[in-house]
>>> print(open('query-v2.cif').read())   # mmCIF, C-alpha atoms and all ligand atoms
data_model
loop_
_atom_site.label_atom_id
_atom_site.label_comp_id
_atom_site.auth_asym_id
_atom_site.auth_seq_id
_atom_site.Cartn_x
_atom_site.Cartn_y
_atom_site.Cartn_z
CA MET A 15 -10.56 -19.18 -3.93
CA ASP A 16 -8.62 -21.31 -1.49
CA PHE A 17 -6.68 -19.30 1.10
CA TYR A 18 -3.24 -20.44 -0.12
CA GLU A 19 -4.24 -19.67 -3.71
CA VAL A 20 -5.13 -16.13 -2.58
CA LEU A 21 -1.70 -15.84 -0.93
CA GLU A 22 -0.01 -16.95 -4.17
CA LYS A 23 -2.14 -14.70 -6.37
CA ARG A 24 -1.73 -11.52 -4.32
CA ARG A 25 0.83 -9.48 -6.18
CA THR A 26 1.43 -5.79 -6.47
CA ILE A 27 -0.08 -4.67 -9.78
CA ARG A 28 0.41 -1.12 -10.92
CA ASP A 29 -1.45 -1.22 -14.24
CA PHE A 30 -5.25 -1.05 -14.07
CA SER A 31 -8.08 -1.42 -16.55
CA ASP A 32 -10.88 1.12 -16.63
CA LYS A 33 -13.48 -1.33 -15.29
CA GLU A 34 -15.11 0.18 -12.19
CA VAL A 35 -14.93 -1.54 -8.82
CA PRO A 36 -18.56 -1.95 -7.68
CA ASP A 37 -19.42 -0.34 -4.33
CA GLU A 38 -20.56 -3.62 -2.78
CA VAL A 39 -17.29 -5.36 -3.69
CA LEU A 40 -15.30 -2.46 -2.29
CA GLU A 41 -17.27 -2.62 0.95
CA LYS A 42 -16.51 -6.34 1.26
CA ILE A 43 -12.81 -5.59 0.83
CA LEU A 44 -12.85 -2.80 3.40
CA SER A 45 -14.73 -5.08 5.83
CA ALA A 46 -11.72 -7.38 5.78
CA ALA A 47 -9.76 -4.64 7.59
CA PHE A 48 -11.99 -5.07 10.62
CA LYS A 49 -11.12 -8.77 10.82
CA ALA A 50 -7.43 -8.07 11.40
CA PRO A 51 -5.97 -8.13 14.91
CA THR A 52 -5.57 -4.76 16.61
CA ASN A 53 -3.43 -3.86 19.60
CA ASP A 54 -6.15 -2.19 21.68
CA HIS A 55 -9.12 -4.29 20.51
CA LEU A 56 -10.85 -1.18 19.16
CA ARG A 57 -10.26 -1.31 15.38
CA GLN A 58 -10.31 2.46 15.04
CA PHE A 59 -10.03 2.55 11.26
CA GLU A 60 -11.75 4.97 8.91
CA PHE A 61 -11.61 5.03 5.13
CA ILE A 62 -11.83 7.83 2.62
CA VAL A 63 -12.80 6.45 -0.78
CA VAL A 64 -11.96 8.76 -3.64
CA ARG A 65 -13.25 8.10 -7.12
CA GLY A 66 -13.01 10.22 -10.23
CA LYS A 67 -9.75 11.56 -11.60
CA GLU A 68 -10.80 15.13 -10.83
CA ASN A 69 -11.01 14.17 -7.12
CA ILE A 70 -7.95 11.90 -7.01
CA SER A 71 -5.61 14.36 -8.76
CA PRO A 72 -5.51 17.04 -6.05
CA ILE A 73 -5.00 14.43 -3.32
CA ILE A 74 -1.98 12.89 -5.00
CA SER A 75 -0.57 16.14 -6.39
CA PRO A 76 2.76 16.02 -4.46
CA VAL A 77 3.46 12.40 -5.53
CA ALA A 78 5.00 12.99 -8.96
CA GLY A 79 7.48 15.62 -7.78
CA ASN A 80 8.51 13.71 -4.66
CA THR A 81 9.03 10.50 -6.65
CA LYS A 82 11.07 12.20 -9.34
CA ASN A 83 13.51 13.34 -6.67
CA ILE A 84 14.06 9.78 -5.47
CA GLN A 85 14.36 8.47 -9.00
CA GLN A 86 16.95 11.00 -10.02
CA ALA A 87 18.91 10.77 -6.82
CA GLY A 88 18.95 7.07 -6.25
CA LEU A 89 18.15 4.58 -8.93
CA GLU A 90 21.03 4.83 -11.37
CA ALA A 91 23.59 5.13 -8.62
CA ALA A 92 22.11 2.11 -6.85
CA ALA A 93 22.09 -0.18 -9.89
CA ASN A 94 25.38 -1.84 -9.02
CA GLU A 95 24.75 -2.18 -5.31
CA MET A 96 21.15 -3.36 -5.36
CA ASP A 97 19.90 -6.88 -5.73
CA LYS A 98 18.92 -7.16 -9.42
CA ASP A 99 15.28 -8.17 -8.77
CA GLU A 100 14.97 -5.33 -6.28
CA HIS A 101 16.41 -2.88 -8.80
CA ALA A 102 14.08 -4.14 -11.54
CA MET A 103 11.13 -3.62 -9.19
CA PHE A 104 12.12 -0.01 -8.47
CA VAL A 105 12.75 0.71 -12.17
CA SER A 106 9.27 -0.55 -12.97
CA ALA A 107 7.47 0.91 -9.93
CA LEU A 108 8.84 4.42 -9.56
CA PRO A 109 7.60 5.86 -12.86
CA LYS A 110 4.12 4.45 -12.10
CA GLN A 111 3.62 5.94 -8.64
CA GLN A 112 1.31 8.73 -9.71
CA ARG A 113 -0.28 6.96 -12.66
CA MET A 114 -1.32 3.84 -10.75
CA LEU A 115 -3.23 5.89 -8.17
CA LEU A 116 -5.13 7.75 -10.88
CA GLN A 117 -5.63 4.80 -13.19
CA SER A 118 -7.35 2.54 -10.67
CA ASN A 119 -9.98 5.25 -10.30
CA CYS A 120 -10.63 3.89 -6.82
CA LEU A 121 -8.25 5.39 -4.31
CA VAL A 122 -8.69 4.34 -0.71
CA LEU A 123 -7.05 6.25 2.11
CA PRO A 124 -7.08 4.01 5.18
CA PHE A 125 -6.83 6.04 8.40
CA PHE A 126 -6.04 4.74 11.87
CA ARG A 127 -6.20 6.39 15.26
CA GLN A 128 -2.70 7.05 16.59
CA LYS A 129 -2.65 7.54 20.33
CA ASP A 130 -0.11 8.29 23.05
CA TYR A 131 2.90 9.17 20.84
CA PRO A 132 3.21 10.95 17.50
CA LEU A 133 3.61 8.36 14.74
CA CYS A 134 7.09 9.53 13.77
CA LYS A 135 8.29 9.99 17.35
CA PRO A 136 7.74 6.63 18.99
CA ALA A 137 9.10 6.08 22.51
CA ASP A 138 9.63 2.38 22.00
CA GLN A 139 8.47 -0.47 19.79
CA SER A 140 5.05 -0.69 21.40
CA SER A 141 4.31 2.95 20.52
CA LEU A 142 4.09 1.65 16.95
CA ASN A 143 1.27 -0.76 17.79
CA TYR A 144 -1.40 1.38 16.15
CA PHE A 145 0.67 1.58 12.97
CA ALA A 146 1.36 -2.15 13.04
CA SER A 147 -2.36 -2.88 13.49
CA ALA A 148 -3.17 -0.57 10.59
CA TRP A 149 -0.81 -2.57 8.38
CA ALA A 150 -2.30 -5.87 9.45
CA ALA A 151 -5.62 -4.39 8.27
CA VAL A 152 -4.09 -3.34 4.93
CA GLU A 153 -2.81 -6.86 4.32
CA ASN A 154 -6.30 -8.24 4.97
CA MET A 155 -7.67 -5.83 2.38
CA LEU A 156 -5.02 -6.84 -0.17
CA LEU A 157 -5.94 -10.48 0.29
CA ALA A 158 -9.68 -9.79 0.13
CA ALA A 159 -9.20 -7.77 -3.08
CA THR A 160 -7.25 -10.68 -4.58
CA ALA A 161 -10.02 -13.10 -3.64
CA GLU A 162 -12.44 -10.79 -5.50
CA GLY A 163 -10.30 -10.90 -8.67
CA LEU A 164 -9.03 -7.38 -8.08
CA ALA A 165 -5.53 -6.00 -7.83
CA CYS A 166 -3.91 -3.44 -5.57
CA ALA A 167 -0.96 -1.13 -5.52
CA PHE A 168 -0.06 1.17 -2.72
CA ARG A 169 2.29 4.01 -2.07
CA ILE A 170 3.76 4.93 1.27
CA PRO A 171 3.38 8.67 1.76
CA ILE A 172 6.64 10.56 1.88
CA GLY A 173 7.68 14.13 2.65
CA ASN A 174 4.74 16.51 2.67
CA GLU A 175 2.24 13.90 1.43
CA PRO A 176 0.62 12.93 4.78
CA GLY A 177 0.06 16.56 5.81
CA HIS A 178 -1.28 17.45 2.37
CA VAL A 179 -3.77 14.56 2.36
CA LYS A 180 -4.91 15.07 5.94
CA GLN A 181 -5.62 18.71 5.29
CA LEU A 182 -7.51 18.11 2.02
CA VAL A 183 -9.79 15.41 3.44
CA HIS A 184 -10.24 17.17 6.80
CA ALA A 185 -8.90 14.22 8.81
CA PRO A 186 -9.05 14.62 12.59
CA GLU A 187 -5.71 15.48 14.20
CA GLU A 188 -5.30 12.15 15.99
CA TYR A 189 -5.78 10.08 12.83
CA GLU A 190 -2.91 9.10 10.52
CA PHE A 191 -3.15 7.53 7.11
CA THR A 192 -1.40 4.33 6.23
CA CYS A 193 -0.88 4.60 2.48
CA PHE A 194 -2.44 5.57 -0.80
CA LEU A 195 -4.20 2.33 -1.72
CA ALA A 196 -5.27 1.85 -5.34
CA ILE A 197 -7.78 -0.93 -5.91
CA GLY A 198 -8.92 -1.96 -9.36
CA TYR A 199 -9.17 -4.61 -12.03
CA PRO A 200 -5.77 -5.38 -13.50
CA ALA A 201 -5.05 -4.24 -17.05
CA GLU A 202 -4.80 -7.10 -19.57
CA ASN A 203 -1.08 -6.61 -20.03
CA ALA A 204 -0.39 -5.63 -16.42
CA HIS A 205 3.25 -6.00 -15.47
CA ILE A 206 4.04 -8.09 -12.43
CA CYS A 207 7.55 -7.85 -11.04
CA LYS A 208 9.47 -11.07 -10.53
CA GLN A 209 9.03 -12.11 -6.94
CA LYS A 210 12.15 -13.02 -5.00
CA GLU A 211 12.39 -16.76 -4.60
CA ILE A 212 12.93 -17.72 -1.01
CA ARG A 213 13.24 -21.19 0.43
CA THR A 214 11.43 -21.08 3.75
CA GLU A 215 13.57 -23.86 5.14
CA ASP A 216 16.64 -21.64 4.71
CA ARG A 217 15.03 -19.04 6.97
CA ILE A 218 14.04 -21.32 9.81
CA HIS A 219 16.56 -21.62 12.60
CA LYS A 220 16.30 -24.17 15.34
CA ASN A 221 16.73 -22.82 18.87
CA VAL A 222 19.42 -20.29 17.87
CA TRP A 223 20.01 -18.21 14.70
C1 LIG B 301 6.04 -1.39 3.73
C2 LIG B 301 5.88 -1.41 2.22
C3 LIG B 301 6.07 -0.25 1.50
C4 LIG B 301 5.87 -0.24 0.12
N1 LIG B 301 5.94 0.94 -0.56
C5 LIG B 301 5.58 0.98 -1.86
C6 LIG B 301 5.47 2.23 -2.54
O1 LIG B 301 5.64 3.32 -1.96
N2 LIG B 301 5.13 2.19 -3.86
C7 LIG B 301 4.89 1.02 -4.54
O2 LIG B 301 4.59 1.08 -5.73
N3 LIG B 301 4.98 -0.17 -3.92
C8 LIG B 301 5.30 -0.22 -2.59
N4 LIG B 301 5.35 -1.42 -1.93
C9 LIG B 301 5.07 -2.67 -2.66
C10 LIG B 301 6.35 -3.47 -2.87
O3 LIG B 301 7.12 -2.90 -3.89
C11 LIG B 301 5.98 -4.93 -3.22
O4 LIG B 301 5.19 -5.46 -2.19
C12 LIG B 301 7.23 -5.78 -3.38
O5 LIG B 301 7.98 -5.37 -4.49
C13 LIG B 301 6.91 -7.26 -3.52
O6 LIG B 301 6.10 -7.49 -4.63
P1 LIG B 301 4.68 -8.21 -4.49
O7 LIG B 301 3.81 -7.33 -3.61
O8 LIG B 301 4.15 -8.32 -5.88
O9 LIG B 301 4.90 -9.54 -3.85
C14 LIG B 301 5.56 -1.45 -0.56
C15 LIG B 301 5.42 -2.62 0.18
C16 LIG B 301 5.55 -2.61 1.54
C17 LIG B 301 5.32 -3.89 2.32
#
>>> encode(input="query-v2.cif", output="structure tokens")
Amino acid sequence: MDFYEVLEKRRTIRDFSDKEVPDEVLEKILSAAFKAPTNDHLRQFEFIVVRGKENISPIISPVAGNTKNIQQAGLEAAANEMDKDEHAMFVSALPKQQRMLLQSNCLVLPFFRQKDYPLCKPADQSSLNYFASAWAAVENMLLAATAEGLACAFRIPIGNEPGHVKQLVHAPEEYEFTCFLAIGYPAENAHICKQKEIRTEDRIHKNVW
């Protein structure tokens, strides 16, 4: 697939079929992480791959409860203030947070080494370099998965989720995890949210904003 076709095709898909992702394809996708730029040149990424609903369930156990709280608190109230495409995305995505992670049956937990400052207590923008590098690696994986005909959905951990996951998988103290990354073959009728249309030329400013 041509690079620009991959860019166009990469979309967040939260409905998966039950076709298994072969190990060798998954390894190719994870290899893409190590081709991303990293702030300290070291690419200190580690992956936990979890397959089987009986193994995924305990890892994502806080997700349903945490998501319900956001849904109840925010979505209806926000309907009038939010952009309508944004609102439609949240309406579609929130009820699927737990299901998508289970349904893919291939949950990847990408970990990165966080040094110098705690992730949630940065001293300045550069303290977030490890986090930024980890996300560059995630984007590479999303694109590689797309090139392989696969789809991804991910959830940013909230509340007690990072601590819960780190403890269950025995992650070393100095490693943080980026997101819950579900990789799988899209379901036949998979829903894809309408992407916001943006004219690049409107966002390019010459010399000053
Ligand atoms: C930083 C970041 C956080 C996100 N968090 C979540 C999330 O917690 N759950 C989810 O289902 N999607 C999440 N998404 C996916 C977005 O909803 C999605 O990328 C966006 O709606 C645009 O759609 P597209 O990926 O199909 O282009 C996140 C995306 C980014 C970049």
>>> residues_around(input="query-v2.cif", residues="Gly173 (chain A)", least_positions_apart="4", cutoff="12 Å", atoms="only C-alpha atoms", output="short mmCIF file (atom, residue, chain, number, x, y, z; two decimals) with C-alpha atoms, in the coordinates of the input")
data_model
loop_
_atom_site.label_atom_id
_atom_site.label_comp_id
_atom_site.auth_asym_id
_atom_site.auth_seq_id
_atom_site.Cartn_x
_atom_site.Cartn_y
_atom_site.Cartn_z
CA PRO A 76 2.76 16.02 -4.46
CA VAL A 77 3.46 12.40 -5.53
CA ALA A 78 5.00 12.99 -8.96
CA GLY A 79 7.48 15.62 -7.78
CA ASN A 80 8.51 13.71 -4.66
CA THR A 81 9.03 10.50 -6.65
CA ASN A 83 13.51 13.34 -6.67
CA ILE A 84 14.06 9.78 -5.47
CA GLY A 177 0.06 16.56 5.81
CA HIS A 178 -1.28 17.45 2.37
CA VAL A 179 -3.77 14.56 2.36
#
>>> closest_residue(input="query-v2.cif", among="A:Glu215, A:Glu60, A:Asp37, A:Asp16", to="Ala148 (chain A)", atoms="all atoms listed in the file")
A:Glu60
>>> residues_near_ligand(input="query-v2.cif", ligand="ligand LIG 301 (chain B)", cutoff="9 Å", atoms="all atoms listed in the file", output="PyMOL selection string")
chain A and resi 22-28+99-100+103-104+106-108+110-111+114+149+153+166-172+193-194+206-210
>>> closest_residue(input="query-v2.cif", among="A:Tyr199, A:His219, A:Leu164, A:Phe125", to="Ala47 (chain A)", atoms="only C-alpha atoms")
A:Phe125
>>> closest_residue(input="query-v2.cif", among="A:Ala151, A:Leu133, A:Ala165, A:Val105", to="Arg57 (chain A)", atoms="all atoms listed in the file")
A:Ala151
>>> decode(input="query-v2.cif", residues="region 93-134 of chain A", atoms="N, CA and C atoms", output="PDB file, in the first residue's frame")
ATOM      1  N   ALA A  93     -23.823  17.956  24.820  1.00  0.00           N
ATOM      2  CA  ALA A  93     -24.359  17.855  23.456  1.00  0.00           C
ATOM      3  C   ALA A  93     -24.502  19.206  22.772  1.00  0.00           C
ATOM      4  N   ASN A  94     -24.914  20.205  23.505  1.00  0.00           N
ATOM      5  CA  ASN A  94     -25.143  21.508  22.866  1.00  0.00           C
ATOM      6  C   ASN A  94     -23.872  22.319  22.674  1.00  0.00           C
ATOM      7  N   GLU A  95     -22.870  22.026  23.506  1.00  0.00           N
ATOM      8  CA  GLU A  95     -21.639  22.818  23.411  1.00  0.00           C
ATOM      9  C   GLU A  95     -20.623  22.209  22.464  1.00  0.00           C
ATOM     10  N   MET A  96     -20.696  20.888  22.293  1.00  0.00           N
ATOM     11  CA  MET A  96     -19.663  20.222  21.497  1.00  0.00           C
ATOM     12  C   MET A  96     -19.895  20.376  20.012  1.00  0.00           C
ATOM     13  N   ASP A  97     -18.827  20.337  19.269  1.00  0.00           N
ATOM     14  CA  ASP A  97     -18.903  20.185  17.820  1.00  0.00           C
ATOM     15  C   ASP A  97     -19.720  18.918  17.531  1.00  0.00           C
ATOM     16  N   LYS A  98     -20.554  18.909  16.490  1.00  0.00           N
ATOM     17  CA  LYS A  98     -21.467  17.761  16.336  1.00  0.00           C
ATOM     18  C   LYS A  98     -20.734  16.472  15.909  1.00  0.00           C
ATOM     19  N   ASP A  99     -19.678  16.604  15.123  1.00  0.00           N
ATOM     20  CA  ASP A  99     -18.898  15.395  14.761  1.00  0.00           C
ATOM     21  C   ASP A  99     -18.156  14.846  15.979  1.00  0.00           C
ATOM     22  N   GLU A 100     -17.681  15.768  16.795  1.00  0.00           N
ATOM     23  CA  GLU A 100     -16.977  15.362  18.024  1.00  0.00           C
ATOM     24  C   GLU A 100     -17.949  14.622  18.941  1.00  0.00           C
ATOM     25  N   HIS A 101     -19.145  15.193  19.090  1.00  0.00           N
ATOM     26  CA  HIS A 101     -20.142  14.574  19.961  1.00  0.00           C
ATOM     27  C   HIS A 101     -20.528  13.188  19.432  1.00  0.00           C
ATOM     28  N   ALA A 102     -20.721  13.096  18.116  1.00  0.00           N
ATOM     29  CA  ALA A 102     -21.097  11.803  17.518  1.00  0.00           C
ATOM     30  C   ALA A 102     -19.999  10.772  17.771  1.00  0.00           C
ATOM     31  N   MET A 103     -18.739  11.218  17.716  1.00  0.00           N
ATOM     32  CA  MET A 103     -17.633  10.286  17.980  1.00  0.00           C
ATOM     33  C   MET A 103     -17.719   9.768  19.412  1.00  0.00           C
ATOM     34  N   PHE A 104     -17.917  10.678  20.379  1.00  0.00           N
ATOM     35  CA  PHE A 104     -17.973  10.242  21.779  1.00  0.00           C
ATOM     36  C   PHE A 104     -19.173   9.327  22.033  1.00  0.00           C
ATOM     37  N   VAL A 105     -20.305   9.653  21.403  1.00  0.00           N
ATOM     38  CA  VAL A 105     -21.510   8.820  21.588  1.00  0.00           C
ATOM     39  C   VAL A 105     -21.246   7.400  21.076  1.00  0.00           C
ATOM     40  N   SER A 106     -20.513   7.316  19.966  1.00  0.00           N
ATOM     41  CA  SER A 106     -20.211   5.999  19.414  1.00  0.00           C
ATOM     42  C   SER A 106     -19.113   5.297  20.218  1.00  0.00           C
ATOM     43  N   ALA A 107     -18.093   6.061  20.620  1.00  0.00           N
ATOM     44  CA  ALA A 107     -16.888   5.444  21.204  1.00  0.00           C
ATOM     45  C   ALA A 107     -17.058   5.021  22.661  1.00  0.00           C
ATOM     46  N   LEU A 108     -17.709   5.854  23.451  1.00  0.00           N
ATOM     47  CA  LEU A 108     -17.707   5.582  24.899  1.00  0.00           C
ATOM     48  C   LEU A 108     -18.316   4.227  25.276  1.00  0.00           C
ATOM     49  N   PRO A 109     -19.462   3.863  24.692  1.00  0.00           N
ATOM     50  CA  PRO A 109     -20.019   2.559  25.080  1.00  0.00           C
ATOM     51  C   PRO A 109     -19.158   1.370  24.621  1.00  0.00           C
ATOM     52  N   LYS A 110     -18.195   1.629  23.721  1.00  0.00           N
ATOM     53  CA  LYS A 110     -17.393   0.514  23.186  1.00  0.00           C
ATOM     54  C   LYS A 110     -16.042   0.361  23.866  1.00  0.00           C
ATOM     55  N   GLN A 111     -15.742   1.211  24.856  1.00  0.00           N
ATOM     56  CA  GLN A 111     -14.390   1.212  25.411  1.00  0.00           C
ATOM     57  C   GLN A 111     -13.950  -0.157  25.929  1.00  0.00           C
ATOM     58  N   GLN A 112     -14.808  -0.813  26.666  1.00  0.00           N
ATOM     59  CA  GLN A 112     -14.423  -2.101  27.217  1.00  0.00           C
ATOM     60  C   GLN A 112     -14.517  -3.189  26.135  1.00  0.00           C
ATOM     61  N   ARG A 113     -15.618  -3.133  25.385  1.00  0.00           N
ATOM     62  CA  ARG A 113     -15.867  -4.195  24.409  1.00  0.00           C
ATOM     63  C   ARG A 113     -14.781  -4.291  23.354  1.00  0.00           C
ATOM     64  N   MET A 114     -14.318  -3.108  22.862  1.00  0.00           N
ATOM     65  CA  MET A 114     -13.339  -3.133  21.765  1.00  0.00           C
ATOM     66  C   MET A 114     -12.034  -3.808  22.197  1.00  0.00           C
ATOM     67  N   LEU A 115     -11.675  -3.633  23.473  1.00  0.00           N
ATOM     68  CA  LEU A 115     -10.412  -4.192  23.961  1.00  0.00           C
ATOM     69  C   LEU A 115     -10.512  -5.708  24.083  1.00  0.00           C
ATOM     70  N   LEU A 116     -11.691  -6.180  24.445  1.00  0.00           N
ATOM     71  CA  LEU A 116     -11.927  -7.623  24.543  1.00  0.00           C
ATOM     72  C   LEU A 116     -12.080  -8.260  23.172  1.00  0.00           C
ATOM     73  N   GLN A 117     -12.842  -7.542  22.322  1.00  0.00           N
ATOM     74  CA  GLN A 117     -13.261  -8.131  21.049  1.00  0.00           C
ATOM     75  C   GLN A 117     -12.091  -8.358  20.089  1.00  0.00           C
ATOM     76  N   SER A 118     -11.104  -7.479  20.144  1.00  0.00           N
ATOM     77  CA  SER A 118      -9.961  -7.635  19.223  1.00  0.00           C
ATOM     78  C   SER A 118      -9.222  -8.929  19.541  1.00  0.00           C
ATOM     79  N   ASN A 119      -9.296  -9.328  20.802  1.00  0.00           N
ATOM     80  CA  ASN A 119      -8.601 -10.524  21.282  1.00  0.00           C
ATOM     81  C   ASN A 119      -7.095 -10.434  21.098  1.00  0.00           C
ATOM     82  N   CYS A 120      -6.606  -9.222  20.898  1.00  0.00           N
ATOM     83  CA  CYS A 120      -5.163  -8.999  20.797  1.00  0.00           C
ATOM     84  C   CYS A 120      -4.906  -7.616  21.402  1.00  0.00           C
ATOM     85  N   LEU A 121      -4.659  -7.642  22.696  1.00  0.00           N
ATOM     86  CA  LEU A 121      -4.466  -6.379  23.413  1.00  0.00           C
ATOM     87  C   LEU A 121      -2.967  -6.170  23.621  1.00  0.00           C
ATOM     88  N   VAL A 122      -2.496  -5.040  23.138  1.00  0.00           N
ATOM     89  CA  VAL A 122      -1.075  -4.724  23.304  1.00  0.00           C
ATOM     90  C   VAL A 122      -0.959  -3.593  24.318  1.00  0.00           C
ATOM     91  N   LEU A 123      -0.056  -3.760  25.247  1.00  0.00           N
ATOM     92  CA  LEU A 123       0.227  -2.701  26.226  1.00  0.00           C
ATOM     93  C   LEU A 123       1.642  -2.214  25.935  1.00  0.00           C
ATOM     94  N   PRO A 124       1.756  -1.076  25.246  1.00  0.00           N
ATOM     95  CA  PRO A 124       3.102  -0.571  24.951  1.00  0.00           C
ATOM     96  C   PRO A 124       3.648   0.205  26.152  1.00  0.00           C
ATOM     97  N   PHE A 125       4.795  -0.215  26.638  1.00  0.00           N
ATOM     98  CA  PHE A 125       5.445   0.454  27.778  1.00  0.00           C
ATOM     99  C   PHE A 125       6.646   1.261  27.303  1.00  0.00           C
ATOM    100  N   PHE A 126       6.916   2.348  27.980  1.00  0.00           N
ATOM    101  CA  PHE A 126       8.119   3.141  27.681  1.00  0.00           C
ATOM    102  C   PHE A 126       8.805   3.505  28.984  1.00  0.00           C
ATOM    103  N   ARG A 127      10.111   3.675  28.899  1.00  0.00           N
ATOM    104  CA  ARG A 127      10.865   4.035  30.106  1.00  0.00           C
ATOM    105  C   ARG A 127      10.741   5.530  30.344  1.00  0.00           C
ATOM    106  N   GLN A 128      10.267   5.894  31.503  1.00  0.00           N
ATOM    107  CA  GLN A 128      10.087   7.307  31.862  1.00  0.00           C
ATOM    108  C   GLN A 128      11.175   7.681  32.858  1.00  0.00           C
ATOM    109  N   LYS A 129      12.049   8.591  32.454  1.00  0.00           N
ATOM    110  CA  LYS A 129      13.162   8.921  33.348  1.00  0.00           C
ATOM    111  C   LYS A 129      13.060  10.369  33.840  1.00  0.00           C
ATOM    112  N   ASP A 130      13.801  10.665  34.825  1.00  0.00           N
ATOM    113  CA  ASP A 130      14.036  12.025  35.355  1.00  0.00           C
ATOM    114  C   ASP A 130      12.851  12.603  36.141  1.00  0.00           C
ATOM    115  N   TYR A 131      11.665  12.616  35.559  1.00  0.00           N
ATOM    116  CA  TYR A 131      10.496  13.186  36.251  1.00  0.00           C
ATOM    117  C   TYR A 131       9.347  12.194  36.179  1.00  0.00           C
ATOM    118  N   PRO A 132       8.495  12.162  37.208  1.00  0.00           N
ATOM    119  CA  PRO A 132       7.302  11.311  37.079  1.00  0.00           C
ATOM    120  C   PRO A 132       6.457  11.805  35.907  1.00  0.00           C
ATOM    121  N   LEU A 133       5.835  10.867  35.209  1.00  0.00           N
ATOM    122  CA  LEU A 133       5.072  11.220  34.001  1.00  0.00           C
ATOM    123  C   LEU A 133       4.059  12.337  34.256  1.00  0.00           C
ATOM    124  N   CYS A 134       3.354  12.265  35.359  1.00  0.00           N
ATOM    125  CA  CYS A 134       2.297  13.253  35.604  1.00  0.00           C
ATOM    126  C   CYS A 134       2.769  14.442  36.437  1.00  0.00           C
TER     127      CYS A 134
END
